[in-house]
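One structure is given here, and the rest of the page talks about it.
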Number of protein chains: 2
Amino acid sequence: MDNFNFYAPTYFAFGKDRESDCGKLVKRFGGKKVLIHYGGGSVIRSGLLDRVKDSLTQESIEFIELGGVKPNPRSGLVYEGINLCRKENIDFILAVGGGSVIDSSKAIAAGTVYDGDFWDFYEGKSVDKALPIGTVLTISAAGSEGSPDSVITREDGMLKRGASGEAYRPKFSVLNPALTQTLPAYQTACGITDIIAHLYERYLTNTENVEVTDRMIEALILAMINEGPKAVNNTDDYDARANIMWGGMMAHNNSCGVGRTQDWTSHTIEHELSALYDCAHGAGLAVTMPAVFTYTMKHNVMRFAQIAVRVWGCQMDFTNPENTAKAGIEALRSFLCSIGMPKNFAELGANESDIEKLAYTCCYGDGSGSGKISGFTTLTQADVEAIYRLML
Amino acid sequence: MDNFNFYAPTYFAFGKDRESDCGKLVKRFGGKKVLIHYGGGSVIRSGLLDRVKDSLTQESIEFIELGGVKPNPRSGLVYEGINLCRKENIDFILAVGGGSVIDSSKAIAAGTVYDGDFWDFYEGKSVDKALPIGTVLTISAAGSEGSPDSVITREDGMLKRGASGEAYRPKFSVLNPALTQTLPAYQTACGITDIIAHLYERYLTNTENVEVTDRMIEALILAMINEGPKAVNNTDDYDARANIMWGGMMAHNNSCGVGRTQDWTSHTIEHELSALYDCAHGAGLAVTMPAVFTYTMKHNVMRFAQIAVRVWGCQMDFTNPENTAKAGIEALRSFLCSIGMPKNFAELGANESDIEKLAYTCCYGDGSGSGKISGFTTLTQADVEAIYRLML
């Protein structure tokens, strides 16, 4: 196991009606004037936004609002939020929504207290300082409610990039599984797929002897396999959603990913799809993961065989472990299909003719990239093209 | 899943040589004058104490020392520490040792800033305020390095009791697996047993539909089963010790125990043994757990069958699940024996003639107890006596 630091000081208020604690939590973490950041009308229609505002008012906390965050959140709204926060002397950002809203909130939080362009953080600068952030989560997926990460799409060139840093860990997160019961089955399944991807990206490591984190990752995938279909088939299943919500946070707060190299090539390759086609990130991952794993499997057949046996219940083929490794990838693909995820480019709305462009942007970005993406293995543009072709 | 709060803001510096960061970490968390609290001579002989002091000196942090903590730490030294901290205006406590040293440090930290007798916290008062605490862990076992808990033995009556509260979470913990390589195999095994007990105590719940935490607990036990014997059979196995160290922390920071009722009757019943005979807590648990589980199994046979199948690899007996449940308990007992733990009263140095007294103290304490202990099931003095008899 490699040396590491782990620091996850987010306060989680988990369960039914916990959004009523927002005011007290903002106060506890020093907020006096809040920007409430959210997406579309669903948090208004459901009454959630009003409940959050009531909770702030009860603690005499001032607030203003900025809605309009879209999936694959854009830089334009981030700049707007930064200007608003500076003008209004905001000292706390409260994200009410899913990963996109939280990630946009993080970008605003960092940009508000930074002299330069916030995009610097999405080009590799570490986020050491930001306004404090709280979240009220409405979809289990991105894990941003407990992570130091954020992903933003820059409209100029539709570049989708991530940033990370200690200041991006929320001070608190309200996790009320009931808030996710209004989600359609498709979005629920996209979230589950994203969570499973966060786990696979950590599982595919080149660090040896990492049994404890291997087992933790396997445990969380097993929980998703058990609880995911329940939530997709019955959107009212509170307990299934509760298991998924805590599992989704644990999958990405990195307690199961410490001390080991991680992969993240599936995310990198998928980001080009959701940036170009504006498809759901989870749906893109469902198509991307089996292709990436099939392509990189030979780098460490036994690792894929291990997850196949321990998680997917495949029989070990001791004569030819590659058969077991493949069976595990097929089991993942079947599971994702069973919860309604797309399985190829066509179902995703992606075009074969874009593959060269996708692979180029993936490896070179706006021209500043190295031409390679690295994780479990190192992939060139030709490799990435081949992977996209496996998705046809 | 029940509603819950989870807040674990401990900074973990994990890996080789990380004790050299102590000075920076104390500074980061506001310490200016430190009490270094430790046990016997091993931290002196190994040079660890000197390295910690050097690290503090490099950051110009003042410190004084208080050694002498014994296993099953006593109230007498806690009072001494409290007086010392007040006299010397100490503002940070640095525990260098295992669970006993950390628990003693926590008691001193709370007692120093409390007007009454620190023992109030060990009779049920919540610990809301304490001096900040840091730890340099030297044995994987108690999980106190990441938990809000502390257990102290009061010399008057040899009462062993626990206290808990948010202020008891360490600000930072240095987890260097190499520091545990000097431990004898027996102590290593005691630690592994304690970790497994922390997991079983959370597993035995009356809350339904807690798949995600069930899976996480199973994962951590599986990691102990895989890594434990490696560390016991080869004390120099750094990787095994690293897996155990992170797993031991995760087992008790409660991320795998949230939103569910927990048991803790094995700990309660064992505490009487280590208080009376001063045996190692882990050794006491090795004898106690199989007895408690055998006695309470019928309360929920399927829960014991589940852990038997998922963790111990037992075949499910679909005609008579009780056979599977029993096989799981036997597998646990065999595993603990295989790493050198005692299996009965005699091997532990306990006496049959003490059973009535042990059960009385367990249920009534110094006379103030309710006569019952509750967790997975509710046990009377007669039940506890019967459980002790199963250990003969």
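Each chain in the structure tokens gets a letter, A, B, ..., in the order shown, and its residues are numbered from 1; ligands are numbered from 1 in order too.
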
_Can you tell me which residues surround segment 303-314 of chain A at a distance of at most 7 Å, considering only C-alpha atoms, apart from same-chain residues fewer than 3 positions away, and format the answer as a list in words?_
Glu218, Leu222, Met297, Asn300, Pro321, Thr324, Ala325, Ala327, Gly328 and Ala331 of chain A

Saved selection, atoms kept: all heavy atoms, as a PDB file, in the first residue's frame:
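Just written: part22.pdb:
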ATOM      1  N   GLU A 218     -15.340  -4.056  -3.646  1.00  0.00           N
ATOM      2  CA  GLU A 218     -16.223  -5.174  -4.017  1.00  0.00           C
ATOM      3  C   GLU A 218     -17.542  -5.099  -3.241  1.00  0.00           C
ATOM      4  O   GLU A 218     -18.626  -5.330  -3.798  1.00  0.00           O
ATOM      5  CB  GLU A 218     -15.517  -6.504  -3.731  1.00  0.00           C
ATOM      6  CG  GLU A 218     -14.330  -6.788  -4.647  1.00  0.00           C
ATOM      7  CD  GLU A 218     -13.326  -7.788  -4.090  1.00  0.00           C
ATOM      8  OE1 GLU A 218     -13.564  -8.335  -2.986  1.00  0.00           O
ATOM      9  OE2 GLU A 218     -12.285  -8.010  -4.730  1.00  0.00           O
ATOM     10  N   LEU A 222     -21.236  -4.877  -4.823  1.00  0.00           N
ATOM     11  CA  LEU A 222     -22.245  -5.889  -4.475  1.00  0.00           C
ATOM     12  C   LEU A 222     -23.526  -5.235  -3.956  1.00  0.00           C
ATOM     13  O   LEU A 222     -24.644  -5.655  -4.293  1.00  0.00           O
ATOM     14  CB  LEU A 222     -21.682  -6.859  -3.423  1.00  0.00           C
ATOM     15  CG  LEU A 222     -20.722  -7.925  -3.973  1.00  0.00           C
ATOM     16  CD1 LEU A 222     -19.875  -8.524  -2.862  1.00  0.00           C
ATOM     17  CD2 LEU A 222     -21.494  -9.027  -4.695  1.00  0.00           C
ATOM     18  N   MET A 297      -8.005  -5.480 -20.477  1.00  0.00           N
ATOM     19  CA  MET A 297      -8.047  -6.670 -19.617  1.00  0.00           C
ATOM     20  C   MET A 297      -6.714  -7.409 -19.526  1.00  0.00           C
ATOM     21  O   MET A 297      -6.297  -7.854 -18.451  1.00  0.00           O
ATOM     22  CB  MET A 297      -9.122  -7.616 -20.132  1.00  0.00           C
ATOM     23  CG  MET A 297      -9.350  -8.824 -19.274  1.00  0.00           C
ATOM     24  SD  MET A 297     -10.391  -9.998 -20.152  1.00  0.00           S
ATOM     25  CE  MET A 297      -9.273 -10.532 -21.446  1.00  0.00           C
ATOM     26  N   ASN A 300      -3.855  -7.038 -16.821  1.00  0.00           N
ATOM     27  CA  ASN A 300      -3.863  -7.785 -15.556  1.00  0.00           C
ATOM     28  C   ASN A 300      -5.115  -8.653 -15.495  1.00  0.00           C
ATOM     29  O   ASN A 300      -6.121  -8.289 -14.888  1.00  0.00           O
ATOM     30  CB  ASN A 300      -3.791  -6.831 -14.358  1.00  0.00           C
ATOM     31  CG  ASN A 300      -3.590  -7.565 -13.041  1.00  0.00           C
ATOM     32  OD1 ASN A 300      -3.829  -8.780 -12.956  1.00  0.00           O
ATOM     33  ND2 ASN A 300      -3.158  -6.859 -12.016  1.00  0.00           N
ATOM     34  N   PRO A 321      -7.767 -18.312 -16.966  1.00  0.00           N
ATOM     35  CA  PRO A 321      -8.397 -17.234 -16.188  1.00  0.00           C
ATOM     36  C   PRO A 321      -8.998 -16.131 -17.059  1.00  0.00           C
ATOM     37  O   PRO A 321      -9.898 -15.430 -16.619  1.00  0.00           O
ATOM     38  CB  PRO A 321      -7.234 -16.695 -15.347  1.00  0.00           C
ATOM     39  CG  PRO A 321      -6.274 -17.826 -15.244  1.00  0.00           C
ATOM     40  CD  PRO A 321      -6.379 -18.574 -16.542  1.00  0.00           C
ATOM     41  N   THR A 324     -12.656 -16.255 -17.301  1.00  0.00           N
ATOM     42  CA  THR A 324     -13.347 -15.713 -16.129  1.00  0.00           C
ATOM     43  C   THR A 324     -13.362 -14.186 -16.176  1.00  0.00           C
ATOM     44  O   THR A 324     -14.382 -13.551 -15.904  1.00  0.00           O
ATOM     45  CB  THR A 324     -12.642 -16.192 -14.846  1.00  0.00           C
ATOM     46  OG1 THR A 324     -12.567 -17.612 -14.878  1.00  0.00           O
ATOM     47  CG2 THR A 324     -13.395 -15.751 -13.604  1.00  0.00           C
ATOM     48  N   ALA A 325     -12.220 -13.612 -16.533  1.00  0.00           N
ATOM     49  CA  ALA A 325     -12.130 -12.151 -16.637  1.00  0.00           C
ATOM     50  C   ALA A 325     -13.176 -11.626 -17.621  1.00  0.00           C
ATOM     51  O   ALA A 325     -13.900 -10.667 -17.329  1.00  0.00           O
ATOM     52  CB  ALA A 325     -10.721 -11.758 -17.077  1.00  0.00           C
ATOM     53  N   ALA A 327     -15.912 -13.150 -18.584  1.00  0.00           N
ATOM     54  CA  ALA A 327     -17.262 -13.399 -18.060  1.00  0.00           C
ATOM     55  C   ALA A 327     -17.680 -12.294 -17.085  1.00  0.00           C
ATOM     56  O   ALA A 327     -18.854 -11.899 -17.042  1.00  0.00           O
ATOM     57  CB  ALA A 327     -17.313 -14.763 -17.373  1.00  0.00           C
ATOM     58  N   GLY A 328     -16.725 -11.790 -16.322  1.00  0.00           N
ATOM     59  CA  GLY A 328     -17.025 -10.695 -15.386  1.00  0.00           C
ATOM     60  C   GLY A 328     -17.407  -9.420 -16.121  1.00  0.00           C
ATOM     61  O   GLY A 328     -18.331  -8.707 -15.717  1.00  0.00           O
ATOM     62  N   ALA A 331     -20.826  -9.892 -17.424  1.00  0.00           N
ATOM     63  CA  ALA A 331     -21.816  -9.797 -16.333  1.00  0.00           C
ATOM     64  C   ALA A 331     -22.104  -8.332 -16.005  1.00  0.00           C
ATOM     65  O   ALA A 331     -23.259  -7.955 -15.758  1.00  0.00           O
ATOM     66  CB  ALA A 331     -21.296 -10.530 -15.098  1.00  0.00           C
TER      67      ALA A 331
END

Need the shell around Arg74 of chain B: protein/DNA/RNA residues with any atom at most 9 Å away, counting only C-alpha atoms. Skip same-chain ones fewer than 4 positions apart. Format as a compact mmCIF listing (two decimals) with N, CA, C and O atoms, in the first residue's frame?
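The resulting file, part11.txt, is shown below:
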# COMPACT_ATOMS: atom_id res chain seq x y z
N VAL B 69 1.02 4.58 30.82
CA VAL B 69 -0.30 4.00 30.56
C VAL B 69 -0.18 2.48 30.46
O VAL B 69 0.74 1.97 29.82
N LYS B 70 -1.09 1.79 31.13
CA LYS B 70 -1.10 0.32 31.07
C LYS B 70 -2.26 -0.16 30.21
O LYS B 70 -3.22 0.58 30.01
N VAL B 78 -5.26 9.07 34.63
CA VAL B 78 -6.06 10.12 34.00
C VAL B 78 -6.11 11.35 34.90
O VAL B 78 -5.88 12.48 34.45
N SER B 104 -6.77 6.85 27.19
CA SER B 104 -6.35 7.61 28.37
C SER B 104 -6.18 9.08 27.99
O SER B 104 -6.59 9.99 28.72
N ILE B 152 -12.17 3.36 29.87
CA ILE B 152 -11.26 3.53 31.02
C ILE B 152 -11.72 2.59 32.15
O ILE B 152 -12.91 2.33 32.30
N THR B 153 -10.75 2.12 32.92
CA THR B 153 -11.08 1.30 34.09
C THR B 153 -10.87 2.12 35.37
O THR B 153 -9.79 2.69 35.57
N ARG B 154 -11.93 2.21 36.16
CA ARG B 154 -11.82 2.92 37.44
C ARG B 154 -11.29 1.96 38.48
O ARG B 154 -11.85 0.88 38.68
N GLU B 155 -10.19 2.35 39.11
CA GLU B 155 -9.55 1.43 40.07
C GLU B 155 -10.48 1.05 41.21
O GLU B 155 -10.51 -0.09 41.65
N MET B 158 -12.76 -1.61 40.13
CA MET B 158 -12.32 -2.14 38.83
C MET B 158 -13.46 -2.13 37.80
O MET B 158 -13.71 -3.10 37.09
N LYS B 160 -14.89 -1.10 34.33
CA LYS B 160 -14.39 -0.73 33.00
C LYS B 160 -15.57 -0.18 32.20
O LYS B 160 -16.53 -0.90 31.94

_Using only C-alpha atoms, which protein or nucleic acid residues come within 10 Å of segment 378-381 of chain A? Drop anything in the same chain fewer than 2 positions from it, and give the result as a PyMOL selection string._
chain A and resi 263+265+296+356-364+370-376+383-387

*Please identify every residue of chain A that has at least one atom no more than 8 Å from any atom of chain B, counting only C-alpha atoms, and report them as a count of residues only.*
37

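Comparing the minimum interatomic distances between Leu77 of chain B and each of B:Gly39, B:Gly116, B:Gly365, B:Gly98, counting only C-alpha atoms, we find that B:Gly39 sits nearest.
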
*asked:* Give me the residues near Leu273 of chain A as a ChimeraX atom specification, where near means some atom within 8 Å (using only C-alpha atoms) and where sequence neighbours in that chain fewer than 6 positions away do not count.
replied: /A:279,284,350,358

_All alpha helix (DSSP H) positions in segment 73-235 of chain A, as a ChimeraX atom specification_ = /A:75-87,99-112,185-203,211-233

*May I have the residues within 8 Å of Asn206 of chain B as a PyMOL selection string, using only C-alpha atoms and disregarding those fewer than 4 positions away in the same chain?*
chain B and resi 260-262+376

*Between atom CA of Ile192 of chain A and atom CA of Ser140 of chain A, measure the distance and give it in Å to one decimal.*
7.3 Å

*Output as number ranges by chain all residues of segment 34-208 of chain A that backbone DSSP marks as strand (DSSP E or B).*
A: 34-38, 62-66, 74, 92-97, 133-137, 149-154, 159-164, 172-175

*Nearby residues (only C-alpha atoms) at most 12 Å from Asp54 of chain A, same-chain spacing under 2 positions excluded, as JSON, numbers by chain*: {"A": [19, 20, 21, 22, 23, 24, 47, 48, 49, 50, 51, 52, 56, 57, 58, 59, 60, 61, 62, 63]}

Just to be explicit: take each residue in the selection above, keep N, CA, C and O atoms, and write the result as a PDB file, in the first residue's frame.
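New file result29.pdb:
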ATOM      1  N   GLU A  19     -33.391  17.856   5.452  1.00  0.00           N
ATOM      2  CA  GLU A  19     -33.171  19.185   4.875  1.00  0.00           C
ATOM      3  C   GLU A  19     -33.626  20.286   5.839  1.00  0.00           C
ATOM      4  O   GLU A  19     -33.189  21.434   5.719  1.00  0.00           O
ATOM      5  N   SER A  20     -34.456  19.912   6.807  1.00  0.00           N
ATOM      6  CA  SER A  20     -34.899  20.918   7.784  1.00  0.00           C
ATOM      7  C   SER A  20     -33.749  21.359   8.694  1.00  0.00           C
ATOM      8  O   SER A  20     -33.876  22.334   9.419  1.00  0.00           O
ATOM      9  N   ASP A  21     -32.632  20.649   8.649  1.00  0.00           N
ATOM     10  CA  ASP A  21     -31.456  21.018   9.460  1.00  0.00           C
ATOM     11  C   ASP A  21     -30.516  21.987   8.745  1.00  0.00           C
ATOM     12  O   ASP A  21     -29.500  22.394   9.319  1.00  0.00           O
ATOM     13  N   CYS A  22     -30.830  22.333   7.493  1.00  0.00           N
ATOM     14  CA  CYS A  22     -29.915  23.170   6.700  1.00  0.00           C
ATOM     15  C   CYS A  22     -29.487  24.443   7.430  1.00  0.00           C
ATOM     16  O   CYS A  22     -28.310  24.790   7.458  1.00  0.00           O
ATOM     17  N   GLY A  23     -30.462  25.138   7.979  1.00  0.00           N
ATOM     18  CA  GLY A  23     -30.156  26.413   8.641  1.00  0.00           C
ATOM     19  C   GLY A  23     -29.152  26.223   9.764  1.00  0.00           C
ATOM     20  O   GLY A  23     -28.139  26.925   9.851  1.00  0.00           O
ATOM     21  N   LYS A  24     -29.422  25.234  10.615  1.00  0.00           N
ATOM     22  CA  LYS A  24     -28.509  24.968  11.742  1.00  0.00           C
ATOM     23  C   LYS A  24     -27.120  24.585  11.251  1.00  0.00           C
ATOM     24  O   LYS A  24     -26.100  24.960  11.835  1.00  0.00           O
ATOM     25  N   GLY A  47     -41.191  21.430  -3.723  1.00  0.00           N
ATOM     26  CA  GLY A  47     -41.277  22.133  -2.440  1.00  0.00           C
ATOM     27  C   GLY A  47     -39.968  22.096  -1.665  1.00  0.00           C
ATOM     28  O   GLY A  47     -39.849  22.712  -0.606  1.00  0.00           O
ATOM     29  N   LEU A  48     -38.957  21.385  -2.208  1.00  0.00           N
ATOM     30  CA  LEU A  48     -37.680  21.260  -1.485  1.00  0.00           C
ATOM     31  C   LEU A  48     -37.026  22.620  -1.276  1.00  0.00           C
ATOM     32  O   LEU A  48     -36.552  22.926  -0.172  1.00  0.00           O
ATOM     33  N   LEU A  49     -37.004  23.432  -2.315  1.00  0.00           N
ATOM     34  CA  LEU A  49     -36.340  24.732  -2.204  1.00  0.00           C
ATOM     35  C   LEU A  49     -36.990  25.574  -1.108  1.00  0.00           C
ATOM     36  O   LEU A  49     -36.288  26.231  -0.321  1.00  0.00           O
ATOM     37  N   ASP A  50     -38.304  25.531  -1.039  1.00  0.00           N
ATOM     38  CA  ASP A  50     -39.010  26.285   0.003  1.00  0.00           C
ATOM     39  C   ASP A  50     -38.652  25.765   1.392  1.00  0.00           C
ATOM     40  O   ASP A  50     -38.467  26.547   2.324  1.00  0.00           O
ATOM     41  N   ARG A  51     -38.548  24.449   1.529  1.00  0.00           N
ATOM     42  CA  ARG A  51     -38.204  23.896   2.845  1.00  0.00           C
ATOM     43  C   ARG A  51     -36.790  24.316   3.256  1.00  0.00           C
ATOM     44  O   ARG A  51     -36.530  24.612   4.424  1.00  0.00           O
ATOM     45  N   VAL A  52     -35.886  24.330   2.275  1.00  0.00           N
ATOM     46  CA  VAL A  52     -34.508  24.756   2.562  1.00  0.00           C
ATOM     47  C   VAL A  52     -34.500  26.233   2.972  1.00  0.00           C
ATOM     48  O   VAL A  52     -33.857  26.623   3.954  1.00  0.00           O
ATOM     49  N   LEU A  56     -33.334  28.101   6.558  1.00  0.00           N
ATOM     50  CA  LEU A  56     -32.365  29.197   6.677  1.00  0.00           C
ATOM     51  C   LEU A  56     -33.001  30.379   7.405  1.00  0.00           C
ATOM     52  O   LEU A  56     -32.374  31.001   8.280  1.00  0.00           O
ATOM     53  N   THR A  57     -34.233  30.694   7.036  1.00  0.00           N
ATOM     54  CA  THR A  57     -34.922  31.841   7.637  1.00  0.00           C
ATOM     55  C   THR A  57     -35.076  31.649   9.144  1.00  0.00           C
ATOM     56  O   THR A  57     -34.908  32.595   9.918  1.00  0.00           O
ATOM     57  N   GLN A  58     -35.367  30.402   9.538  1.00  0.00           N
ATOM     58  CA  GLN A  58     -35.518  30.131  10.971  1.00  0.00           C
ATOM     59  C   GLN A  58     -34.259  30.443  11.761  1.00  0.00           C
ATOM     60  O   GLN A  58     -34.319  30.715  12.955  1.00  0.00           O
ATOM     61  N   GLU A  59     -33.126  30.386  11.093  1.00  0.00           N
ATOM     62  CA  GLU A  59     -31.855  30.693  11.776  1.00  0.00           C
ATOM     63  C   GLU A  59     -31.374  32.097  11.435  1.00  0.00           C
ATOM     64  O   GLU A  59     -30.205  32.435  11.665  1.00  0.00           O
ATOM     65  N   SER A  60     -32.273  32.906  10.829  1.00  0.00           N
ATOM     66  CA  SER A  60     -31.961  34.305  10.462  1.00  0.00           C
ATOM     67  C   SER A  60     -30.760  34.404   9.533  1.00  0.00           C
ATOM     68  O   SER A  60     -29.938  35.328   9.655  1.00  0.00           O
ATOM     69  N   ILE A  61     -30.657  33.426   8.617  1.00  0.00           N
ATOM     70  CA  ILE A  61     -29.557  33.452   7.646  1.00  0.00           C
ATOM     71  C   ILE A  61     -30.079  34.044   6.335  1.00  0.00           C
ATOM     72  O   ILE A  61     -31.098  33.609   5.804  1.00  0.00           O
ATOM     73  N   GLU A  62     -29.383  35.061   5.847  1.00  0.00           N
ATOM     74  CA  GLU A  62     -29.761  35.675   4.575  1.00  0.00           C
ATOM     75  C   GLU A  62     -29.401  34.757   3.412  1.00  0.00           C
ATOM     76  O   GLU A  62     -28.438  33.993   3.496  1.00  0.00           O
ATOM     77  N   PHE A  63     -30.127  34.894   2.304  1.00  0.00           N
ATOM     78  CA  PHE A  63     -29.757  34.094   1.130  1.00  0.00           C
ATOM     79  C   PHE A  63     -30.219  34.762  -0.159  1.00  0.00           C
ATOM     80  O   PHE A  63     -31.146  35.582  -0.153  1.00  0.00           O
TER      81      PHE A  63
END
